[in-house]
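The file model.txt contains compact mmCIF, C-alpha atoms:
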# COMPACT_ATOMS: atom_id res chain seq x y z
CA MET A 217 26.60 -18.66 12.94
CA SER A 218 24.64 -17.42 9.91
CA SER A 219 25.77 -14.19 8.23
CA GLU A 220 22.44 -13.81 6.41
CA PRO A 221 20.77 -10.46 7.14
CA GLN A 222 17.89 -10.77 9.58
CA SER A 223 14.69 -8.84 8.90
CA THR A 224 13.26 -6.77 11.72
CA THR A 225 9.86 -5.18 12.14
CA THR A 226 10.09 -1.48 11.26
CA PRO A 227 7.24 0.96 12.00
CA ARG A 228 5.34 1.70 8.78
CA PRO A 229 3.85 5.18 8.37
CA PRO A 230 0.21 5.35 7.23
CA LEU A 231 -0.07 5.88 3.50
CA ARG A 232 -3.38 6.80 1.88
CA SER A 233 -2.49 7.22 -1.80
CA PHE A 234 -0.07 5.27 -4.00
CA LEU A 235 0.26 6.93 -7.42
CA PHE A 236 1.74 4.86 -10.26
CA VAL A 237 4.30 6.68 -12.44
CA PRO A 238 6.08 5.00 -15.39
CA GLY A 239 9.74 4.41 -14.66
CA LEU A 240 10.66 6.28 -17.83
CA ARG A 241 8.81 9.39 -16.62
CA THR A 242 10.54 10.30 -13.39
CA ASP A 243 10.13 13.89 -14.59
CA TRP A 244 6.48 13.50 -13.53
CA LEU A 245 7.47 13.23 -9.85
CA PRO A 246 6.96 16.98 -9.22
CA LYS A 247 3.35 16.60 -10.46
CA ALA A 248 2.85 13.74 -8.02
CA ARG A 249 4.14 15.89 -5.16
CA THR A 250 1.89 18.76 -6.19
CA ALA A 251 -1.08 16.38 -6.23
CA GLY A 252 -0.25 15.42 -2.64
CA ALA A 253 0.51 11.73 -3.16
CA ASP A 254 1.64 10.02 0.03
CA ALA A 255 3.63 7.57 -2.09
CA VAL A 256 4.64 7.08 -5.72
CA VAL A 257 5.16 3.68 -7.33
CA LEU A 258 7.79 4.04 -10.05
CA ASP A 259 6.82 1.27 -12.44
CA LEU A 260 9.48 -0.85 -14.15
CA GLU A 261 7.02 -3.59 -15.14
CA ASP A 262 3.93 -3.14 -17.32
CA ALA A 263 4.40 0.59 -17.94
CA VAL A 264 7.80 0.13 -19.61
CA PRO A 265 8.34 -1.60 -23.00
CA ALA A 266 11.01 -4.32 -22.86
CA PRO A 267 13.60 -2.41 -24.95
CA ASP A 268 13.34 0.59 -22.62
CA LYS A 269 13.70 -1.23 -19.30
CA PRO A 270 17.47 -0.56 -18.87
CA LEU A 271 16.90 3.17 -19.41
CA ALA A 272 13.95 3.17 -17.01
CA ARG A 273 16.02 1.38 -14.37
CA ALA A 274 18.76 4.01 -14.67
CA ARG A 275 16.26 6.86 -14.35
CA VAL A 276 14.62 5.27 -11.34
CA ALA A 277 18.00 4.77 -9.65
CA GLU A 278 18.77 8.45 -10.26
CA ALA A 279 15.43 9.49 -8.76
CA LEU A 280 16.11 7.36 -5.69
CA ALA A 281 19.53 8.96 -5.25
CA GLU A 282 17.91 12.39 -5.37
CA ALA A 283 15.28 11.31 -2.85
CA ALA A 284 17.97 10.02 -0.50
CA ALA A 285 19.52 13.50 -0.41
CA GLU A 286 16.23 15.17 0.56
CA PRO A 287 14.93 15.65 4.13
CA ALA A 288 13.00 12.71 5.55
CA GLY A 289 9.23 12.81 5.74
CA GLY A 290 8.42 13.65 2.13
CA MET A 291 6.65 11.62 -0.52
CA ALA A 292 7.62 7.94 -0.24
CA LEU A 293 9.10 6.27 -3.32
CA PHE A 294 8.27 2.66 -4.12
CA VAL A 295 9.37 0.73 -7.20
CA ARG A 296 7.36 -1.97 -8.95
CA VAL A 297 10.00 -4.36 -10.22
CA ASN A 298 9.54 -7.13 -12.75
CA PRO A 299 8.66 -10.64 -11.51
CA LEU A 300 11.62 -12.40 -9.91
CA ASP A 301 11.71 -15.14 -12.53
CA ASP A 302 15.44 -15.01 -13.31
CA TRP A 303 18.69 -13.38 -12.26
CA THR A 304 18.09 -10.41 -14.55
CA ALA A 305 15.12 -9.49 -12.41
CA ALA A 306 17.18 -10.08 -9.27
CA GLU A 307 19.78 -7.61 -10.57
CA GLU A 308 16.97 -5.12 -11.08
CA LEU A 309 16.05 -5.53 -7.44
CA ARG A 310 19.67 -4.96 -6.49
CA ALA A 311 19.68 -1.73 -8.51
CA VAL A 312 16.69 -0.19 -6.74
CA VAL A 313 17.04 -1.32 -3.11
CA ARG A 314 19.15 1.58 -1.96
CA PRO A 315 18.82 4.75 0.12
CA GLY A 316 15.80 6.75 -1.02
CA LEU A 317 13.61 3.69 -1.54
CA ALA A 318 10.63 3.16 0.76
CA GLY A 319 9.55 -0.17 -0.65
CA VAL A 320 9.36 -2.73 -3.42
CA VAL A 321 6.09 -3.59 -5.14
CA LEU A 322 6.39 -7.20 -6.28
CA PRO A 323 4.07 -8.31 -9.11
CA LYS A 324 2.85 -11.77 -10.05
CA VAL A 325 3.16 -13.21 -6.55
CA HIS A 326 1.66 -16.70 -6.37
CA THR A 327 2.70 -18.16 -3.02
CA ALA A 328 4.33 -17.26 0.29
CA ALA A 329 7.55 -18.80 -1.05
CA ASP A 330 7.75 -15.96 -3.60
CA VAL A 331 7.60 -13.45 -0.75
CA ARG A 332 10.22 -15.25 1.32
CA PHE A 333 12.57 -15.35 -1.70
CA ALA A 334 12.09 -11.62 -2.33
CA ASP A 335 12.56 -10.93 1.38
CA ARG A 336 15.95 -12.65 1.36
CA LEU A 337 17.11 -10.81 -1.75
CA ILE A 338 15.99 -7.47 -0.35
CA GLY A 339 17.76 -8.24 2.92
CA TRP A 340 21.03 -8.86 1.09
CA CYS A 341 20.59 -5.61 -0.86
CA GLU A 342 19.95 -3.70 2.35
CA HIS A 343 23.13 -5.15 3.82
CA GLU A 344 25.09 -4.20 0.69
CA HIS A 345 23.99 -0.56 0.96
CA GLY A 346 24.29 -0.27 4.73
CA LEU A 347 20.53 -0.01 5.28
CA PRO A 348 18.89 -1.31 8.46
CA ALA A 349 17.57 -4.84 8.08
CA GLY A 350 13.87 -4.74 7.37
CA ALA A 351 13.79 -1.05 6.47
CA THR A 352 12.45 -1.72 2.96
CA VAL A 353 8.74 -2.43 2.68
CA LEU A 354 7.59 -5.32 0.47
CA VAL A 355 4.18 -4.99 -1.21
CA PRO A 356 3.13 -8.30 -2.84
CA LEU A 357 0.54 -7.87 -5.58
CA LEU A 358 -2.14 -10.57 -5.46
CA GLU A 359 -2.83 -11.02 -9.17
CA SER A 360 -3.86 -14.67 -9.42
CA ALA A 361 -6.64 -16.76 -7.91
CA HIS A 362 -4.00 -18.76 -6.03
CA ALA A 363 -2.48 -15.63 -4.52
CA LEU A 364 -5.85 -14.22 -3.54
CA HIS A 365 -6.78 -17.56 -1.94
CA ASP A 366 -3.49 -17.60 0.01
CA ALA A 367 -3.59 -13.92 1.05
CA TYR A 368 -3.06 -14.76 4.73
CA ASP A 369 0.06 -16.86 4.13
CA ILE A 370 1.49 -14.26 1.74
CA ALA A 371 0.86 -11.36 4.11
CA ALA A 372 2.42 -13.29 7.01
CA ALA A 373 5.45 -14.54 5.05
CA ALA A 374 7.86 -11.77 6.14
CA PRO A 375 7.86 -8.91 8.66
CA ARG A 376 8.57 -6.37 5.92
CA VAL A 377 5.27 -7.10 4.12
CA ALA A 378 2.85 -4.15 4.19
CA HIS A 379 0.10 -2.44 2.18
CA VAL A 380 -1.33 -5.71 0.81
CA GLY A 381 -4.87 -5.81 -0.55
CA ALA A 382 -7.14 -6.88 -3.37
CA LEU A 383 -6.73 -4.81 -6.54
CA THR A 384 -9.90 -5.26 -8.58
CA ALA A 385 -9.50 -3.03 -11.62
CA PRO A 386 -11.50 -3.72 -14.79
CA GLY A 387 -9.84 -5.84 -17.45
CA GLY A 388 -6.67 -6.62 -15.50
CA ASP A 389 -4.98 -9.73 -14.17
CA VAL A 390 -7.41 -10.20 -11.28
CA GLU A 391 -10.53 -9.94 -13.44
CA ARG A 392 -9.07 -12.51 -15.80
CA ALA A 393 -8.04 -14.82 -12.97
CA VAL A 394 -11.32 -14.68 -11.06
CA GLY A 395 -13.71 -14.24 -13.96
CA TYR A 396 -15.91 -11.49 -12.52
CA ARG A 397 -17.52 -8.80 -14.65
CA TRP A 398 -16.45 -5.44 -13.28
CA SER A 399 -19.01 -2.77 -12.47
CA PRO A 400 -18.56 0.75 -11.06
CA GLN A 401 -20.57 -0.27 -7.99
CA GLY A 402 -18.06 -3.00 -7.14
CA THR A 403 -20.70 -5.44 -5.92
CA GLU A 404 -19.09 -8.35 -7.78
CA THR A 405 -15.78 -7.90 -5.90
CA LEU A 406 -17.08 -6.77 -2.51
CA ALA A 407 -16.75 -10.23 -0.97
CA LEU A 408 -13.29 -10.70 -2.48
CA ARG A 409 -11.99 -7.37 -1.18
CA SER A 410 -13.51 -8.08 2.23
CA ARG A 411 -11.99 -11.55 2.55
CA VAL A 412 -8.52 -10.46 1.48
CA LEU A 413 -8.67 -7.57 3.94
CA LEU A 414 -9.58 -9.94 6.77
CA ASP A 415 -6.67 -12.23 5.84
CA VAL A 416 -4.24 -9.30 5.80
CA ARG A 417 -5.47 -8.01 9.15
CA ALA A 418 -5.25 -11.49 10.68
CA ALA A 419 -1.69 -11.80 9.39
CA GLY A 420 -0.76 -8.53 11.06
CA ALA A 421 0.47 -6.79 7.90
CA PRO A 422 -0.01 -3.02 8.31
CA GLY A 423 -1.66 -0.45 6.08
CA PRO A 424 -3.75 -2.52 3.64
CA VAL A 425 -4.53 -0.72 0.37
CA THR A 426 -6.75 -1.57 -2.55
CA GLY A 427 -7.71 -0.19 -5.98
CA LEU A 428 -7.76 0.55 -8.82
CA TRP A 429 -10.13 3.10 -10.33
CA THR A 430 -9.09 3.45 -13.96
CA ASP A 431 -11.67 5.95 -15.26
CA ILE A 432 -9.59 9.14 -15.32
CA THR A 433 -12.46 11.64 -15.43
CA ASP A 434 -15.08 9.98 -13.21
CA LEU A 435 -14.13 11.44 -9.84
CA THR A 436 -17.63 10.85 -8.48
CA GLY A 437 -17.31 7.13 -9.16
CA LEU A 438 -13.82 7.16 -7.68
CA ARG A 439 -15.09 8.76 -4.47
CA ALA A 440 -17.90 6.21 -4.12
CA PHE A 441 -15.46 3.31 -4.65
CA ALA A 442 -12.93 4.81 -2.22
CA GLU A 443 -15.62 5.34 0.42
CA GLN A 444 -16.75 1.73 0.01
CA ASN A 445 -13.19 0.52 0.55
CA ARG A 446 -12.69 2.81 3.53
CA ALA A 447 -15.91 1.46 5.06
CA LEU A 448 -14.57 -2.09 4.66
CA GLY A 449 -11.43 -1.19 6.61
CA TYR A 450 -8.81 -0.44 3.95
CA GLU A 451 -6.45 2.42 4.77
CA GLY A 452 -5.60 3.60 1.24
CA MET A 453 -5.81 3.05 -2.49
CA MET A 454 -3.53 2.85 -5.48
CA ALA A 455 -4.11 5.44 -8.20
CA VAL A 456 -3.29 5.84 -11.88
CA HIS A 457 -3.69 9.61 -12.29
CA PRO A 458 -2.74 12.67 -10.20
CA THR A 459 -6.33 13.98 -10.21
CA HIS A 460 -7.36 10.91 -8.20
CA VAL A 461 -4.96 11.63 -5.35
CA PRO A 462 -6.83 14.47 -3.57
CA VAL A 463 -10.05 12.44 -3.56
CA ILE A 464 -8.32 9.37 -2.15
CA ASN A 465 -6.47 11.39 0.48
CA GLU A 466 -9.67 13.04 1.63
CA VAL A 467 -11.63 9.80 1.87
CA PHE A 468 -8.94 7.94 3.80
CA ALA A 469 -8.31 10.70 6.33
CA PRO A 470 -10.66 11.59 9.18
CA THR A 471 -12.46 14.92 8.97
CA PRO A 472 -11.70 17.55 11.63
CA GLU A 473 -15.09 16.74 13.12
CA GLU A 474 -14.21 13.04 13.35
CA VAL A 475 -10.87 13.83 15.00
CA ASP A 476 -12.58 16.13 17.48
CA ARG A 477 -15.18 13.48 18.30
CA CYS A 478 -12.49 10.86 18.88
CA ALA A 479 -10.66 13.19 21.26
CA ARG A 480 -13.86 14.00 23.15
CA LEU A 481 -14.82 10.32 23.37
CA VAL A 482 -11.43 9.36 24.81
CA ALA A 483 -11.64 12.19 27.34
CA ALA A 484 -15.16 11.19 28.37
CA VAL A 485 -14.29 7.51 28.84
CA GLU A 486 -11.12 8.28 30.79
CA ALA A 487 -12.99 10.72 33.02
CA ALA A 488 -15.65 8.07 33.68
CA GLN A 489 -12.99 5.47 34.46
CA ARG A 490 -11.41 7.77 37.02
CA GLY A 491 -14.81 7.89 38.70
CA GLY A 492 -15.11 4.11 38.72
CA VAL A 493 -17.51 3.90 35.75
CA GLY A 494 -16.65 1.56 32.86
CA ALA A 495 -19.45 2.31 30.40
CA LEU A 496 -21.32 5.55 29.77
CA THR A 497 -23.63 7.29 27.36
CA PHE A 498 -21.70 9.57 25.01
CA GLU A 499 -23.66 11.71 22.56
CA GLY A 500 -26.55 9.28 22.63
CA ARG A 501 -24.50 6.07 22.30
CA MET A 502 -23.21 3.57 24.81
CA VAL A 503 -19.38 3.59 24.84
CA ASP A 504 -16.67 1.93 26.89
CA GLU A 505 -12.92 1.24 26.79
CA ALA A 506 -13.18 -0.69 23.49
CA MET A 507 -14.57 2.38 21.71
CA ALA A 508 -11.98 4.59 23.40
CA GLU A 509 -9.16 2.33 22.20
CA THR A 510 -10.50 2.54 18.64
CA ALA A 511 -10.63 6.33 18.90
CA ARG A 512 -7.05 6.42 20.24
CA ALA A 513 -5.91 4.33 17.27
CA VAL A 514 -7.51 6.80 14.85
CA LEU A 515 -5.83 9.73 16.59
CA ALA A 516 -2.44 8.01 16.65
CA ARG A 517 -2.61 6.86 13.03
CA HIS A 518 -3.29 10.36 11.79
CA GLY A 519 -0.85 12.23 13.99
CA HIS A 520 -3.23 13.46 16.66
CA GLY A 521 -2.21 11.12 19.45
What would the structure in this file look like if it were written as structure tokens?
Amino acid sequence: MSSEPQSTTTPRPPLRSFLFVPGLRTDWLPKARTAGADAVVLDLEDAVPAPDKPLARARVAEALAEAAAEPAGGMALFVRVNPLDDWTAAEELRAVVRPGLAGVVLPKVHTAADVRFADRLIGWCEHEHGLPAGATVLVPLLESAHALHDAYDIAAAAPRVAHVGALTAPGGDVERAVGYRWSPQGTETLALRSRVLLDVRAAGAPGPVTGLWTDITDLTGLRAFAEQNRALGYEGMMAVHPTHVPVINEVFAPTPEEVDRCARLVAAVEAAQRGGVGALTFEGRMVDEAMAETARAVLARHGHG
């Protein structure tokens, strides 16, 4: 009988905003909370120079220990580790998968095999720290053409995978891999973001997020990009600055009017069903059980169910 930890499917709370914070600057976490970030990604990869990575790892581990002592339900802490290319990186994973951690952001993922390898390592770390199997989310970053092409297989590779999407920032790994020329309107990546989203949904991975908007001061452009992604079906975005968080949170949450309409639509459909009617006109539109189910999902996802 195998003693290898078995991953289980754990409910994943909806997360609208993922704010990147350098692993050396855990003192910025209060600013992230003030900004209202649903989640912070403490970055041990690109944001930390190689000589400083041991210090950053220690500071991140300390921040996780502090988070573990706080009441549940606060800002979620993720850690972007370095690529799992050697045992040094595996030891880094072992250092951060502990109480207080919500999830691991895994860079430079190329294939589903990378995800399955990370899943096994995380499972062993969970077992070592007495965590429930599958409690730690795994967010694979699709940063190569191969990974973007295989988004379905990567998203379906392990039950702990969540929050996968296409990150199409200017000048980054994805632009280099695909060869597009970034524009604020995002027309050159619209098809890419749409296809990856469809793959992630088909794979059943929850809470897909996208990004990034790297212009710190252009909040109007950020809002337009966020609204485009929300219209596609994404549930959140990654962010690089605290000022972006309120905009992202607002775009990816229903307005009070939308919540009220969803509740009224559900009530109207259920009342009609009790009278033996399956479809009805609601505020000038034809609706039925399919629309009611969508409205129920919105209410449940945002705590109004």
As an exercise, work out the distance from atom CA of Gly437 of chain A to atom CA of Ile464 of chain A in Å and give it to one decimal place.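 Going from atom CA of Gly437 of chain A over to atom CA of Ile464 of chain A, I get 11.6 Å.
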For atom CA of Arg336 of chain A and atom CA of Pro356 of chain A, quote the distance in Å rounded to one decimal. 14.2 Å
If you count all atoms listed in the file, the residue of A:Pro375, A:Gly500, A:Gly427, A:Gly402 closest to Leu358 of chain A turns out to be A:Gly427
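Going from atom CA of Pro267 of chain A to atom CA of Leu240 of chain A covers 11.6 Å.
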Smallest atom-to-atom distance to Ala374 of chain A: which of A:Val394, A:Ile432, A:Ala487, A:Ile338, using all atoms listed in the file?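 The answer is A:Ile338, which sits nearest to Ala374 of chain A.
With all atoms listed in the file as the atoms that count, the residue of A:Ala418, A:Arg232, A:Ala284, A:Cys478 with the shortest distance to Arg446 of chain A is A:Arg232.
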At a cut-off of 12 Å, using all atoms listed in the file, what residues contact segment 258-263 of chain A? Leave out same-chain residues fewer than 5 positions from it and give the result as a ChimeraX atom specification. /A:234-245,248,268-280,292-300,305,308-309,311-312,317-324,388-389,456
Surrounding residues of segment 378-382 of chain A excluding itself and chain neighbours under 2 positions, 9 Å, only C-alpha atoms, as number ranges by chain: A: 228, 231, 353-359, 364, 367, 371, 375-376, 384, 390, 408-413, 416, 420-427, 450-452
Could you check the closest approach to Ala440 of chain A for each of A:His460, A:Ala419, A:Ala281, A:Gln401 and tell me which residue wins, using only C-alpha atoms?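 So, comparing all the options, the nearest one is A:Gln401.
Candidate residues A:Leu481, A:Val467, A:Ala407, A:Leu337 were compared for distance to Glu499 of chain A, and the nearest is A:Leu481, using only C-alpha atoms.
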Could you pull the residues within 7 Å of Ala328 of chain A, counting all atoms listed in the file, minus those fewer than 6 positions along the same chain, as a short mmCIF file (atom, residue, chain, number, x, y, z; two decimals) with C-alpha atoms, keeping the file's coordinate frame?
data_model
loop_
_atom_site.label_atom_id
_atom_site.label_comp_id
_atom_site.auth_asym_id
_atom_site.auth_seq_id
_atom_site.Cartn_x
_atom_site.Cartn_y
_atom_site.Cartn_z
CA ASP A 369 0.06 -16.86 4.13
CA ILE A 370 1.49 -14.26 1.74
CA ALA A 373 5.45 -14.54 5.05
#
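The environment of Gly519 of chain A within 12 Å, counting all atoms listed in the file and disregarding residues fewer than 5 places along the same chain, consists of A:Pro229, A:Pro230, A:Ala469, A:Pro470, A:Val475, A:Arg512, A:Ala513, A:Val514.
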Distance query Ala253 of chain A at most 8 Å, all atoms listed in the file, self and fewer than 6 positions along chain excluded, as a VMD selection string: chain A and resid 233 to 235 291 458 461 to 462 465
With all atoms listed in the file as the atoms that count, which of A:Val313, A:Ala479, A:Ala361, A:Val257 lies nearest to Gly339 of chain A?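 Smallest separation from Gly339 of chain A among the options: A:Val313.
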